[in-house]
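K.L.:
Structure file data-v3.txt (compact mmCIF, C-alpha atoms) is given on the next line.
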```
# COMPACT_ATOMS: atom_id res chain seq x y z
CA MET A 1 2.99 2.80 -20.75
CA PRO A 2 2.06 3.21 -24.47
CA ALA A 3 -1.67 3.76 -24.97
CA VAL A 4 -1.77 1.00 -27.57
CA VAL A 5 -0.69 -1.48 -24.91
CA GLN A 6 -3.17 -0.23 -22.34
CA ASP A 7 -5.99 -0.44 -24.86
CA ALA A 8 -5.11 -3.93 -26.07
CA ASP A 9 -7.12 -6.90 -24.87
CA ASP A 10 -5.46 -9.77 -23.01
CA ALA A 11 -5.07 -11.93 -26.11
CA THR A 12 -3.41 -9.12 -28.08
CA LEU A 13 -0.92 -8.62 -25.27
CA ALA A 14 -0.18 -12.34 -25.12
CA ARG A 15 0.37 -12.49 -28.87
CA ALA A 16 2.67 -9.43 -28.75
CA ILE A 17 4.80 -11.06 -26.06
CA ALA A 18 4.97 -14.30 -28.03
CA ALA A 19 5.92 -12.49 -31.24
CA ALA A 20 8.64 -10.34 -29.67
CA GLY A 21 11.36 -12.93 -30.09
CA ALA A 22 14.78 -12.13 -28.68
CA GLN A 23 13.83 -8.55 -27.73
CA PRO A 24 11.11 -8.90 -25.06
CA ASP A 25 8.16 -6.53 -25.38
CA ARG A 26 8.54 -5.04 -21.89
CA ALA A 27 5.49 -2.81 -22.13
CA ALA A 28 3.20 -5.67 -23.09
CA GLU A 29 4.70 -7.89 -20.40
CA ALA A 30 4.27 -5.24 -17.72
CA GLU A 31 0.65 -4.63 -18.73
CA LEU A 32 -0.16 -8.34 -18.75
CA CYS A 33 1.36 -8.73 -15.29
CA ARG A 34 -0.52 -5.66 -14.03
CA ARG A 35 -3.81 -7.18 -15.15
CA PHE A 36 -3.29 -10.71 -13.96
CA ALA A 37 -1.50 -10.06 -10.67
CA PRO A 38 -4.75 -9.31 -8.77
CA ARG A 39 -6.45 -12.42 -10.15
CA VAL A 40 -3.54 -14.68 -9.25
CA ARG A 41 -3.20 -13.07 -5.85
CA LEU A 42 -6.88 -13.67 -5.07
CA TYR A 43 -6.54 -17.26 -6.21
CA GLY A 44 -3.56 -17.62 -3.89
CA LEU A 45 -5.36 -16.05 -0.95
CA ARG A 46 -8.34 -18.30 -1.51
CA HIS A 47 -6.38 -21.54 -1.80
CA LEU A 48 -3.32 -20.88 0.34
CA ARG A 49 -4.86 -18.58 3.00
CA ASP A 50 -1.60 -16.74 3.45
CA PRO A 51 -0.67 -13.33 2.00
CA HIS A 52 3.00 -14.18 1.70
CA ALA A 53 2.30 -17.45 -0.07
CA ALA A 54 -0.16 -15.60 -2.33
CA ALA A 55 2.54 -13.06 -3.19
CA ASP A 56 4.93 -15.91 -3.99
CA LEU A 57 2.28 -17.48 -6.19
CA VAL A 58 1.91 -14.23 -8.15
CA GLN A 59 5.65 -14.19 -8.79
CA GLN A 60 5.87 -17.80 -9.79
CA VAL A 61 2.81 -17.88 -12.04
CA LEU A 62 3.58 -14.65 -13.86
CA MET A 63 7.22 -15.55 -14.35
CA THR A 64 6.26 -18.93 -15.75
CA THR A 65 3.60 -17.39 -17.96
CA LEU A 66 6.07 -14.92 -19.45
CA GLU A 67 8.61 -17.69 -19.87
CA ARG A 68 6.12 -19.79 -21.83
CA LEU A 69 4.88 -16.88 -23.89
CA ARG A 70 8.40 -15.78 -24.80
CA ALA A 71 9.22 -19.34 -25.81
CA GLY A 72 6.11 -19.58 -27.97
CA ALA A 73 4.88 -22.42 -25.77
CA VAL A 74 1.36 -21.07 -25.21
CA ARG A 75 -0.70 -22.67 -27.97
CA GLU A 76 -3.78 -20.45 -27.65
CA PRO A 77 -2.77 -16.93 -26.61
CA GLU A 78 -6.40 -15.84 -27.04
CA ARG A 79 -7.15 -18.05 -24.03
CA ILE A 80 -4.43 -16.56 -21.86
CA ALA A 81 -6.77 -16.21 -18.87
CA SER A 82 -7.43 -19.95 -18.87
CA PHE A 83 -3.71 -20.57 -19.26
CA VAL A 84 -2.88 -18.43 -16.22
CA LEU A 85 -5.63 -20.08 -14.16
CA GLY A 86 -4.30 -23.50 -15.14
CA MET A 87 -0.84 -22.39 -14.13
CA CYS A 88 -2.17 -21.29 -10.73
CA ARG A 89 -3.73 -24.70 -10.20
CA VAL A 90 -0.57 -26.53 -11.21
CA VAL A 91 1.71 -24.39 -9.03
CA VAL A 92 -0.51 -24.70 -5.96
CA LEU A 93 -0.66 -28.46 -6.51
CA ASP A 94 3.12 -28.55 -6.92
CA TRP A 95 3.60 -26.58 -3.73
CA ARG A 96 1.34 -28.93 -1.88
CA ARG A 97 3.50 -31.77 -3.12
CA GLY A 98 6.56 -29.91 -1.93
CA ALA A 99 8.07 -29.38 -5.39
CA LEU A 100 9.37 -25.88 -5.87
CA ARG A 101 11.60 -24.53 -8.60
CA ARG A 102 11.27 -20.85 -7.87
CA GLU A 103 14.94 -19.94 -7.56
CA GLY A 104 15.89 -20.59 -11.20
CA LEU A 105 12.94 -18.64 -12.52
CA LEU A 106 13.67 -15.73 -10.23
CA ALA A 107 17.14 -15.49 -11.71
CA ALA A 108 15.76 -15.23 -15.25
CA TYR A 109 12.61 -13.19 -14.64
CA GLY A 110 13.31 -11.31 -11.42
CA ASP A 111 12.25 -7.99 -12.97
CA VAL A 112 8.62 -9.15 -12.92
CA GLU A 113 8.54 -8.42 -9.21
CA GLU A 114 8.35 -4.67 -9.68
CA SER A 115 5.10 -4.86 -11.62
CA VAL A 116 3.09 -7.11 -9.35
CA GLU A 117 2.90 -5.31 -6.02
CA PRO A 118 -0.32 -6.41 -4.32
CA GLU A 119 -3.15 -4.02 -4.95
CA GLU A 120 -4.83 -4.88 -1.67
CA SER A 121 -2.87 -2.05 -0.11
CA ARG A 122 -6.17 -0.23 -0.64
CA ALA A 123 -7.04 -1.06 2.94
CA LEU A 124 -10.53 -0.35 4.19
CA GLU A 125 -10.94 2.59 6.48
CA ARG A 126 -10.49 0.78 9.79
CA PRO A 127 -12.43 3.01 12.22
CA ARG A 128 -15.42 3.06 9.89
CA LEU A 129 -15.30 -0.71 9.42
CA VAL A 130 -15.27 -1.22 13.19
CA ARG A 131 -18.24 1.13 13.62
CA CYS A 132 -20.09 -0.73 10.86
CA LEU A 133 -19.33 -4.09 12.46
CA GLN A 134 -20.46 -2.83 15.86
CA ALA A 135 -23.72 -1.67 14.32
CA LEU A 136 -24.65 -5.20 13.25
CA VAL A 137 -26.96 -7.30 15.38
CA GLU A 138 -25.26 -9.94 17.50
CA ARG A 139 -26.02 -12.92 15.28
CA GLU A 140 -24.69 -11.12 12.22
CA ARG A 141 -21.44 -10.14 13.93
CA SER A 142 -20.95 -13.65 15.29
CA VAL A 143 -21.52 -15.25 11.91
CA LEU A 144 -19.09 -12.87 10.20
CA VAL A 145 -16.42 -13.43 12.85
CA LEU A 146 -16.84 -17.19 12.63
CA SER A 147 -16.78 -17.08 8.82
CA PHE A 148 -13.88 -14.71 8.19
CA PHE A 149 -11.79 -14.97 11.35
CA ALA A 150 -12.28 -18.58 12.38
CA GLU A 151 -12.93 -19.70 8.76
CA ARG A 152 -15.77 -21.97 9.83
CA PRO A 153 -18.02 -23.17 7.00
CA ALA A 154 -21.74 -22.47 7.18
CA ASP A 155 -22.76 -26.00 8.17
CA GLU A 156 -20.33 -26.14 11.10
CA THR A 157 -21.19 -22.62 12.23
CA GLY A 158 -24.86 -23.53 12.10
CA ARG A 159 -24.36 -26.74 14.05
CA GLU A 160 -22.45 -24.89 16.77
CA LEU A 161 -24.82 -21.97 17.07
CA GLY A 162 -28.13 -23.80 16.88
CA LEU A 163 -28.87 -22.61 13.33
CA SER A 164 -29.30 -24.34 10.00
CA ALA A 165 -26.59 -23.91 7.36
CA ALA A 166 -29.13 -22.13 5.16
CA ASN A 167 -29.94 -19.76 8.00
CA VAL A 168 -26.23 -19.03 8.49
CA ARG A 169 -25.92 -18.15 4.78
CA VAL A 170 -28.93 -15.84 4.97
CA ILE A 171 -27.57 -14.08 8.07
CA ARG A 172 -24.14 -13.82 6.46
CA HIS A 173 -25.51 -12.46 3.22
CA ARG A 174 -27.59 -9.85 5.04
CA ALA A 175 -24.64 -8.87 7.25
CA ILE A 176 -22.28 -8.43 4.30
CA ALA A 177 -24.87 -6.37 2.45
CA LYS A 178 -25.25 -4.12 5.51
CA LEU A 179 -21.49 -3.80 5.85
CA ARG A 180 -20.99 -2.88 2.19
CA GLU A 181 -23.72 -0.29 2.38
CA CYS A 182 -22.32 1.09 5.61
CA MET A 183 -18.78 1.27 4.18
CA GLU A 184 -20.06 3.08 1.11
CA GLY A 185 -21.39 5.88 3.26
CA GLY A 186 -24.60 4.61 4.77
CA ALA A 187 -25.42 4.50 8.45
CA ALA A 188 -22.43 4.06 10.76
CA MET B 1 -7.84 -0.16 -20.86
CA SER B 2 -11.17 0.45 -19.14
CA ALA B 3 -12.74 -2.63 -17.56
CA PRO B 4 -15.38 -4.11 -19.84
CA ALA B 5 -18.76 -4.61 -18.17
CA CYS B 6 -19.46 -8.17 -17.16
CA THR B 7 -22.26 -9.74 -19.19
CA ALA B 8 -22.93 -12.48 -16.64
CA PRO B 9 -21.83 -11.24 -13.21
CA VAL B 10 -21.43 -13.87 -10.52
CA ALA B 11 -23.88 -13.37 -7.64
CA PHE B 12 -22.11 -11.84 -4.66
CA ALA B 13 -23.43 -14.66 -2.46
CA ALA B 14 -21.68 -17.16 -4.76
CA LEU B 15 -18.44 -15.19 -4.48
CA VAL B 16 -18.79 -15.39 -0.69
CA GLU B 17 -19.35 -19.14 -0.79
CA TYR B 18 -16.34 -19.53 -3.07
CA TRP B 19 -14.16 -17.37 -0.85
CA LEU B 20 -15.12 -19.31 2.26
CA GLY B 21 -14.43 -22.68 0.64
CA GLU B 22 -18.06 -23.74 0.41
CA LEU B 23 -17.96 -24.40 -3.34
CA ALA B 24 -16.20 -27.42 -4.71
CA GLY B 25 -15.74 -29.41 -7.89
CA GLU B 26 -17.31 -28.08 -11.09
CA ALA B 27 -19.05 -25.17 -9.40
CA GLN B 28 -15.73 -23.90 -8.09
CA ASP B 29 -13.97 -24.50 -11.43
CA ARG B 30 -16.67 -22.62 -13.37
CA LEU B 31 -16.52 -19.66 -11.02
CA GLU B 32 -12.73 -19.47 -11.22
CA GLU B 33 -12.79 -19.64 -15.03
CA HIS B 34 -15.22 -16.75 -15.10
CA VAL B 35 -13.35 -14.60 -12.57
CA PHE B 36 -10.02 -15.08 -14.32
CA GLY B 37 -11.50 -13.72 -17.54
CA CYS B 38 -13.54 -10.96 -15.95
CA VAL B 39 -12.03 -7.74 -14.64
CA SER B 40 -15.34 -6.69 -13.08
CA CYS B 41 -15.86 -9.90 -11.07
CA THR B 42 -12.19 -9.89 -10.08
CA ALA B 43 -12.75 -6.43 -8.62
CA ARG B 44 -15.84 -7.63 -6.71
CA LEU B 45 -13.93 -10.63 -5.37
CA GLY B 46 -11.14 -8.26 -4.36
CA GLU B 47 -13.67 -6.14 -2.49
CA LEU B 48 -14.87 -9.23 -0.63
CA ALA B 49 -11.28 -10.26 0.17
CA ALA B 50 -10.57 -6.81 1.58
CA LEU B 51 -13.76 -6.91 3.64
CA GLY B 52 -12.91 -10.35 4.99
CA ALA B 53 -9.37 -9.26 5.85
CA GLY B 54 -10.78 -6.20 7.60
CA ILE B 55 -13.21 -8.27 9.68
CA ARG B 56 -10.46 -10.71 10.60
CA ALA B 57 -8.07 -7.92 11.62
CA ALA B 58 -10.70 -6.02 13.60
CA PHE B 59 -11.58 -9.07 15.68
CA ARG B 60 -7.97 -10.25 15.94
CA ASP B 61 -6.94 -6.84 17.27
CA GLY B 62 -9.63 -6.87 19.96
CA ALA B 63 -11.74 -4.08 18.50
CA LEU B 64 -14.97 -6.13 18.55
CA HIS B 65 -16.97 -8.23 20.94
CA ALA B 66 -18.65 -11.37 19.67
CA VAL B 67 -20.31 -14.56 20.79
CA ILE B 68 -18.23 -17.39 19.36
CA SER B 69 -18.65 -21.14 18.94
CA PRO B 70 -16.73 -24.05 20.49
CA GLY B 71 -15.14 -24.74 17.09
CA ALA B 72 -13.89 -21.17 16.84
CA LEU B 73 -12.44 -21.38 20.35
CA GLU B 74 -10.66 -24.60 19.44
CA MET B 75 -9.28 -22.96 16.30
CA MET B 76 -7.98 -20.05 18.40
CA ARG B 77 -6.25 -22.47 20.77
CA ARG B 78 -4.69 -24.40 17.89
CA ALA B 79 -3.51 -21.18 16.25
CA GLY B 80 -1.46 -20.43 19.35
CA LEU B 81 -3.33 -17.26 20.25
CA ARG B 82 -2.83 -16.09 23.81
CA LEU B 83 -6.14 -16.73 25.51
CA HIS B 84 -7.53 -16.48 28.99
CA GLU B 85 -10.61 -18.66 29.41
CA TYR B 86 -12.83 -18.00 32.40
CA PRO B 87 -15.56 -20.60 32.96
CA VAL B 88 -18.17 -19.40 35.43
CA ALA B 89 -21.24 -21.17 36.81
CA PRO B 90 -24.52 -19.28 37.36
CA GLY B 91 -24.16 -17.14 40.48
CA GLY B 92 -20.38 -17.55 40.42
CA SER B 93 -17.48 -15.18 40.17
CA VAL B 94 -13.91 -15.39 38.91
CA GLN B 95 -10.69 -13.40 39.20
CA CYS B 96 -9.59 -12.36 35.73
CA THR B 97 -6.99 -10.32 33.91
CA ILE B 98 -5.58 -9.54 30.50
CA ALA B 99 -2.01 -8.51 29.75
CA ALA B 100 -0.89 -6.27 26.93
CA SER B 101 0.56 -9.32 25.17
CA ASP B 102 -2.66 -11.36 25.42
CA ASP B 103 -4.96 -11.75 22.45
CA PHE B 104 -8.35 -12.67 23.86
CA VAL B 105 -10.39 -13.22 26.97
CA VAL B 106 -13.17 -15.77 26.63
CA SER B 107 -15.98 -15.66 29.18
CA ARG B 108 -17.56 -19.10 29.40
CA LEU B 109 -21.01 -18.63 30.89
CA ALA B 110 -22.54 -21.94 31.95
CA ALA B 111 -26.34 -22.08 31.76
CA PRO B 112 -29.18 -24.49 31.05
CA LEU B 113 -30.14 -23.45 27.52
CA GLY B 114 -32.68 -26.10 26.56
CA GLY B 115 -36.14 -24.90 25.52
CA ILE B 116 -35.10 -21.28 25.17
CA GLU B 117 -36.33 -19.34 22.16
CA ARG B 118 -34.19 -16.25 22.55
CA LEU B 119 -31.26 -15.28 24.72
CA ASP B 120 -29.96 -11.84 25.73
CA LEU B 121 -26.62 -11.09 27.38
CA VAL B 122 -26.56 -8.04 29.66
CA SER B 123 -23.16 -6.71 30.68
CA GLN B 124 -22.13 -3.90 33.01
CA ALA B 125 -18.52 -2.88 33.68
CA GLY B 126 -18.20 -1.35 37.15
CA GLU B 127 -20.77 1.41 37.58
CA GLY B 128 -20.91 2.04 33.81
CA PRO B 129 -24.02 1.76 31.67
CA GLU B 130 -25.63 -1.62 30.98
CA LEU B 131 -24.98 -3.05 27.56
CA ARG B 132 -27.73 -5.40 26.37
CA LEU B 133 -26.76 -7.78 23.58
CA GLU B 134 -30.08 -8.95 22.20
CA ASP B 135 -30.81 -12.29 20.61
CA ILE B 136 -27.32 -13.75 20.82
CA PRO B 137 -26.69 -17.03 18.99
CA PHE B 138 -26.40 -20.15 21.13
CA ASP B 139 -26.52 -23.91 20.91
CA PRO B 140 -29.25 -25.22 23.24
CA ALA B 141 -27.26 -28.42 23.75
CA ALA B 142 -23.96 -26.71 24.60
CA GLY B 143 -24.72 -25.72 28.17
CA GLU B 144 -22.63 -22.57 27.92
CA VAL B 145 -22.25 -19.32 26.03
CA LEU B 146 -18.78 -18.29 24.84
CA PHE B 147 -18.36 -14.54 24.81
CA CYS B 148 -15.29 -12.56 23.73
CA PRO B 149 -15.32 -9.00 25.07
CA PRO B 150 -13.32 -6.42 23.10
CA ALA B 151 -9.78 -7.12 24.31
CA ALA B 152 -8.41 -3.74 23.27
CA LEU B 153 -10.90 -1.95 25.53
CA LEU B 154 -10.44 -4.44 28.36
CA LYS B 155 -6.71 -3.73 28.42
CA THR B 156 -7.37 -0.07 29.19
CA LEU B 157 -9.71 -0.65 32.14
CA PRO B 158 -8.67 -0.31 35.80
CA ALA B 159 -9.53 -2.90 38.43
CA HIS B 160 -13.30 -3.34 38.51
CA THR B 161 -16.03 -5.96 38.41
CA THR B 162 -17.96 -6.69 35.23
CA ARG B 163 -21.34 -8.28 35.89
CA MET B 164 -23.05 -10.30 33.21
CA ARG B 165 -26.56 -11.75 33.10
CA LEU B 166 -28.08 -14.23 30.71
CA VAL B 167 -31.78 -13.54 30.19
CA ALA B 168 -33.92 -16.16 28.46
CA HIS B 169 -37.07 -15.50 26.47
CA ALA B 170 -39.59 -18.29 26.15
CA GLN B 171 -43.35 -18.33 25.61
CA GLY B 172 -43.52 -14.56 25.88
CA GLU B 173 -41.77 -14.36 29.24
CA GLN B 174 -38.28 -13.37 30.36
CA ARG B 175 -36.34 -15.36 32.90
CA LEU B 176 -32.92 -14.85 34.48
CA LEU B 177 -30.71 -17.84 33.68
CA GLY B 178 -27.64 -16.76 35.58
CA GLU B 179 -25.53 -13.90 36.91
CA TYR B 180 -21.76 -13.93 36.58
CA ALA B 181 -19.13 -11.66 38.15
CA PHE B 182 -15.70 -11.05 36.61
CA ASN B 183 -13.31 -9.39 39.05
CA HIS B 184 -10.86 -7.75 36.70
CA THR B 185 -7.31 -6.80 37.58
CA PRO B 186 -5.13 -5.05 34.99
CA GLY B 187 -2.39 -7.31 33.63
```
Let me see the structure of the file written as structure tokens.
P.N.:
Amino acid sequence: MPAVVQDADDATLARAIAAAGAQPDRAAEAELCRRFAPRVRLYGLRHLRDPHAAADLVQQVLMTTLERLRAGAVREPERIASFVLGMCRVVVLDWRRGALRREGLLAAYGDVEESVEPEESRALERPRLVRCLQALVERERSVLVLSFFAERPADETGRELGLSAANVRVIRHRAIAKLRECMEGGAA
Amino acid sequence: MSAPACTAPVAFAALVEYWLGELAGEAQDRLEEHVFGCVSCTARLGELAALGAGIRAAFRDGALHAVISPGALEMMRRAGLRLHEYPVAPGGSVQCTIAASDDFVVSRLAAPLGGIERLDLVSQAGEGPELRLEDIPFDPAAGEVLFCPPAALLKTLPAHTTRMRLVAHAQGEQRLLGEYAFNHTPG
């Protein structure tokens, strides 16, 4: 990867891709995908709650973004982050409506796939995480399990455990802070 | 390119609320706009996502015990998880098991919970040491406590009896609410 590409800001990369014409600027495209893949993936995980669907979203959004940039169809390359976010919203909405046009894009932009491997392979150290979770007090562990495993919102969790929603948020916040500290090398 | 420092970092609590779907409308839109333009906040959200995935996997794999809620139990049923539910009345006992292919055992401990300020769950597997879970969460109106023991450990245990006690704290005094016996047979 040329240093000039790595040092460029997002807008410069977007402009370089748009200006490349018939000979795609592969280095700029790869760098743009490398930067935006984690953001799109997180958006997908948040809204689709499925790692495979999130991975598909990364593919679709980045392919479409490159397609638009190459075609000069992004009016404000300096606002590329907003463009990509807007694309995420549109694609997720489309998917929810059942409209999918992924196959054609894959044929034209299939090489994007190599540059957007999920970075969440940086898995947490499992035994340490379990020790840290076991070290929490009971209410904290319950609230974290209900929040992240059962995906129960604070108001429902509170109603079902005899707590207020505000109390659930306080317990959750304290538990996450303890976990982060523990995972960074504190008591476990 | 090194990540530029964020000039207006989103509070971690707000990232948590966003991640758990507790933000909506303009608040959600504003947060997403910021995160998409901010490498630093993207990294913090990624850290939260990894933590959440780790918690989910640890519980899903039976590495943790936890008191759960009726809504969580219903979600587990709907998700098609392989559950054994064992409702037990105070003073009662039940034959129970867990197979290698099962996901969870849920002990449903019936008890009158009204007027209680604090509740402890004391558990003893066979002749092993007592484990006291202090100040467990409970709904006074529910009439039962839902407890998931760590399934991974349970699957390794031979035939034995686990005894549980619910101990209530109110007005400075402790009171036994109920004793429950789980006669475990390996699956």
K.L.:
Skip segment 14-22 of chain A itself and residues of its chain fewer than 4 positions away, then list as number ranges by chain all residues within 7 Å of it, counting only C-alpha atoms.
P.N.:
A: 10, 28-29, 69-72, 77, 80
K.L.:
Given all atoms listed in the file as the basis, pick out the residue of B:Arg163, B:Arg108, B:Arg77, B:His184 nearest to chain A.
P.N.:
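Smallest separation from chain A among the options: B:Arg77.
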K.L.:
Do a neighbour search on Asp120 of chain B at 7 Å with only C-alpha atoms, toss out local chain neighbours closer than 4 positions, and write the hits as a tab-separated table (two decimals) with C-alpha atoms, keeping the file's coordinate frame.
P.N.:
```
chain	number	residue	atom	x	y	z
B	132	ARG	CA	-27.73	-5.40	26.37
B	133	LEU	CA	-26.76	-7.78	23.58
B	134	GLU	CA	-30.08	-8.95	22.20
B	135	ASP	CA	-30.81	-12.29	20.61
B	136	ILE	CA	-27.32	-13.75	20.82
B	166	LEU	CA	-28.08	-14.23	30.71
B	167	VAL	CA	-31.78	-13.54	30.19
B	168	ALA	CA	-33.92	-16.16	28.46
```
K.L.:
Please produce, as CSV, a per-residue contact table for chain A versus chain B (criterion: any atom at most 8 Å away, only C-alpha atoms considered), showing the nearest atom pair and its distance in Å to one decimal, sorted by chain then residue number.
P.N.:
```
residue,atom,partner,partner_atom,distance
A:Gln6,CA,B:Met1,CA,4.9
A:Asp7,CA,B:Met1,CA,4.4
A:Ala8,CA,B:Met1,CA,7.0
A:Asp9,CA,B:Met1,CA,7.9
A:Pro38,CA,B:Thr42,CA,7.6
A:Arg39,CA,B:Phe36,CA,6.1
A:Leu42,CA,B:Gly46,CA,6.9
A:Arg46,CA,B:Trp19,CA,5.9
A:Ala81,CA,B:Gly37,CA,5.5
A:Ser82,CA,B:Glu33,CA,6.6
A:Leu85,CA,B:Phe36,CA,6.7
A:Glu120,CA,B:Ala50,CA,6.9
A:Ala123,CA,B:Ala50,CA,6.9
A:Leu124,CA,B:Gly54,CA,6.8
A:Arg126,CA,B:Gly54,CA,7.3
A:Leu129,CA,B:Gly54,CA,7.3
A:Val130,CA,B:Ala58,CA,6.6
A:Leu133,CA,B:Leu64,CA,7.8
A:Gln134,CA,B:Leu64,CA,6.9
A:Val137,CA,B:Glu134,CA,7.7
A:Glu138,CA,B:Ile136,CA,5.5
A:Arg139,CA,B:Pro137,CA,5.6
A:Arg141,CA,B:Ala66,CA,6.5
A:Ser142,CA,B:Ala66,CA,5.4
A:Leu144,CA,B:Ile55,CA,7.5
A:Val145,CA,B:Ile55,CA,6.9
A:Leu146,CA,B:Ala72,CA,6.5
A:Ser147,CA,B:Leu20,CA,7.1
A:Phe148,CA,B:Gly52,CA,5.5
A:Phe149,CA,B:Arg56,CA,4.5
A:Ala150,CA,B:Ala72,CA,5.4
A:Glu151,CA,B:Leu20,CA,6.9
A:Arg152,CA,B:Ala72,CA,7.3
A:Pro153,CA,B:Glu22,CA,6.6
A:Ala154,CA,B:Glu22,CA,7.8
A:Thr157,CA,B:Ser69,CA,7.3
A:Arg159,CA,B:Asp139,CA,7.7
A:Glu160,CA,B:Ser69,CA,5.8
A:Leu161,CA,B:Asp139,CA,4.6
A:Gly162,CA,B:Asp139,CA,4.3
A:His173,CA,B:Ala13,CA,6.4
```
K.L.:
Dig up all the protein and nucleic acid residues within 9 Å of (-32.2, -12.0, 35.4) in the file frame, using all atoms listed in the file, and format them as a list of chain:residue names.
P.N.:
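Counting all atoms listed in the file, I find these residues within 9 Å of (-32.2, -12.0, 35.4): B:Val122, B:Arg165, B:Leu166, B:Val167, B:Ala168, B:Gln174, B:Arg175, B:Leu176, B:Leu177, B:Gly178, B:Glu179.
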K.L.:
Between B:Ala111, B:Leu119, B:Ala159, B:Ala8, which residue has the minimum interatomic distance to Gly187 of chain B, considering only C-alpha atoms?
P.N.:
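Ranking B:Ala111, B:Leu119, B:Ala159, B:Ala8 by distance to Gly187 of chain B, first place goes to B:Ala159.
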K.L.:
Calculated over only C-alpha atoms, which of the candidates B:Leu15, B:Leu113, B:Ala5, B:Val106 has the smallest distance to Ala151 of chain B?
P.N.:
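Among the listed residues, B:Val106 lies closest to Ala151 of chain B.
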K.L.:
Which residue out of B:Arg44, B:Leu31, B:Gly80, B:Gly143 has the minimum interatomic distance to Gly114 of chain B when only C-alpha atoms are used?
P.N.:
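Of B:Arg44, B:Leu31, B:Gly80, B:Gly143, the one nearest Gly114 of chain B, counting only C-alpha atoms, is B:Gly143.
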K.L.:
So how far away is atom CA of Tyr43 of chain A from atom CA of Val84 of chain A, in Å?
P.N.:
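Separation of atom CA of Val84 of chain A and atom CA of Tyr43 of chain A: 10.7 Å.
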K.L.:
List every protein, DNA or RNA residue that has at least one atom no more than 9 Å from (-24.1, -7.8, 7.5) in the file's coordinates, counting all atoms listed in the file, and write the result as an MDAnalysis selection string.
P.N.:
chainID A and resid 132:133 136:137 140:141 144 171:180
K.L.:
Pick the closest to Ser93 of chain B from B:Leu153, B:Leu109, B:Val10, B:Leu81: which is it, counting all atoms listed in the file?
P.N.:
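Of B:Leu153, B:Leu109, B:Val10, B:Leu81, the one nearest Ser93 of chain B, counting all atoms listed in the file, is B:Leu109.
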K.L.:
Find the distance between atom CA of Glu184 of chain A and atom CA of Pro51 of chain A and write it in Å to one decimal.
P.N.:
25.4 Å
K.L.:
Between B:Thr161, B:Leu23, B:Lys155, B:Cys6, which one has atoms that come closest to Gln95 of chain B, using all atoms listed in the file?
P.N.:
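Residue with the minimum atom-to-atom distance to Gln95 of chain B: B:Thr161.
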K.L.:
Name the residues in contact with Ser123 of chain B at a cut-off of 6 Å, using all atoms listed in the file, excluding same-chain residues fewer than 4 positions from it; report them as JSON, numbers by chain.
P.N.:
{"B": [130, 131, 163, 164]}
K.L.:
Could you tell me how far atom CA of Val40 of chain A sits from atom CA of Val61 of chain A, in Å to one decimal place?
P.N.:
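Rounded to one decimal, the two atoms are 7.6 Å apart.
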K.L.:
Please complete segment 113-124 of chain B with N, CA and C atoms and give it back as a PDB file, keeping the file's coordinate frame.
P.N.:
```
ATOM      1  N   LEU B 113     -29.633 -24.197  28.675  1.00  0.00           N
ATOM      2  CA  LEU B 113     -30.140 -23.450  27.520  1.00  0.00           C
ATOM      3  C   LEU B 113     -31.265 -24.172  26.787  1.00  0.00           C
ATOM      4  N   GLY B 114     -31.625 -25.348  27.238  1.00  0.00           N
ATOM      5  CA  GLY B 114     -32.680 -26.100  26.560  1.00  0.00           C
ATOM      6  C   GLY B 114     -34.030 -25.387  26.628  1.00  0.00           C
ATOM      7  N   GLY B 115     -34.785 -25.440  25.536  1.00  0.00           N
ATOM      8  CA  GLY B 115     -36.140 -24.900  25.520  1.00  0.00           C
ATOM      9  C   GLY B 115     -36.237 -23.394  25.418  1.00  0.00           C
ATOM     10  N   ILE B 116     -35.101 -22.751  25.229  1.00  0.00           N
ATOM     11  CA  ILE B 116     -35.100 -21.280  25.170  1.00  0.00           C
ATOM     12  C   ILE B 116     -35.265 -20.825  23.726  1.00  0.00           C
ATOM     13  N   GLU B 117     -36.112 -19.828  23.520  1.00  0.00           N
ATOM     14  CA  GLU B 117     -36.330 -19.340  22.160  1.00  0.00           C
ATOM     15  C   GLU B 117     -35.380 -18.207  21.799  1.00  0.00           C
ATOM     16  N   ARG B 118     -35.067 -17.391  22.807  1.00  0.00           N
ATOM     17  CA  ARG B 118     -34.190 -16.250  22.550  1.00  0.00           C
ATOM     18  C   ARG B 118     -33.381 -15.990  23.807  1.00  0.00           C
ATOM     19  N   LEU B 119     -32.157 -15.504  23.586  1.00  0.00           N
ATOM     20  CA  LEU B 119     -31.260 -15.280  24.720  1.00  0.00           C
ATOM     21  C   LEU B 119     -30.618 -13.902  24.593  1.00  0.00           C
ATOM     22  N   ASP B 120     -30.649 -13.131  25.688  1.00  0.00           N
ATOM     23  CA  ASP B 120     -29.960 -11.840  25.730  1.00  0.00           C
ATOM     24  C   ASP B 120     -28.818 -11.924  26.736  1.00  0.00           C
ATOM     25  N   LEU B 121     -27.747 -11.201  26.452  1.00  0.00           N
ATOM     26  CA  LEU B 121     -26.620 -11.090  27.380  1.00  0.00           C
ATOM     27  C   LEU B 121     -26.530  -9.630  27.817  1.00  0.00           C
ATOM     28  N   VAL B 122     -26.631  -9.406  29.124  1.00  0.00           N
ATOM     29  CA  VAL B 122     -26.560  -8.040  29.660  1.00  0.00           C
ATOM     30  C   VAL B 122     -25.245  -7.912  30.412  1.00  0.00           C
ATOM     31  N   SER B 123     -24.489  -6.873  30.092  1.00  0.00           N
ATOM     32  CA  SER B 123     -23.160  -6.710  30.680  1.00  0.00           C
ATOM     33  C   SER B 123     -23.019  -5.301  31.235  1.00  0.00           C
ATOM     34  N   GLN B 124     -22.363  -5.214  32.398  1.00  0.00           N
ATOM     35  CA  GLN B 124     -22.130  -3.900  33.010  1.00  0.00           C
ATOM     36  C   GLN B 124     -20.735  -3.889  33.631  1.00  0.00           C
TER      37      GLN B 124
END
```
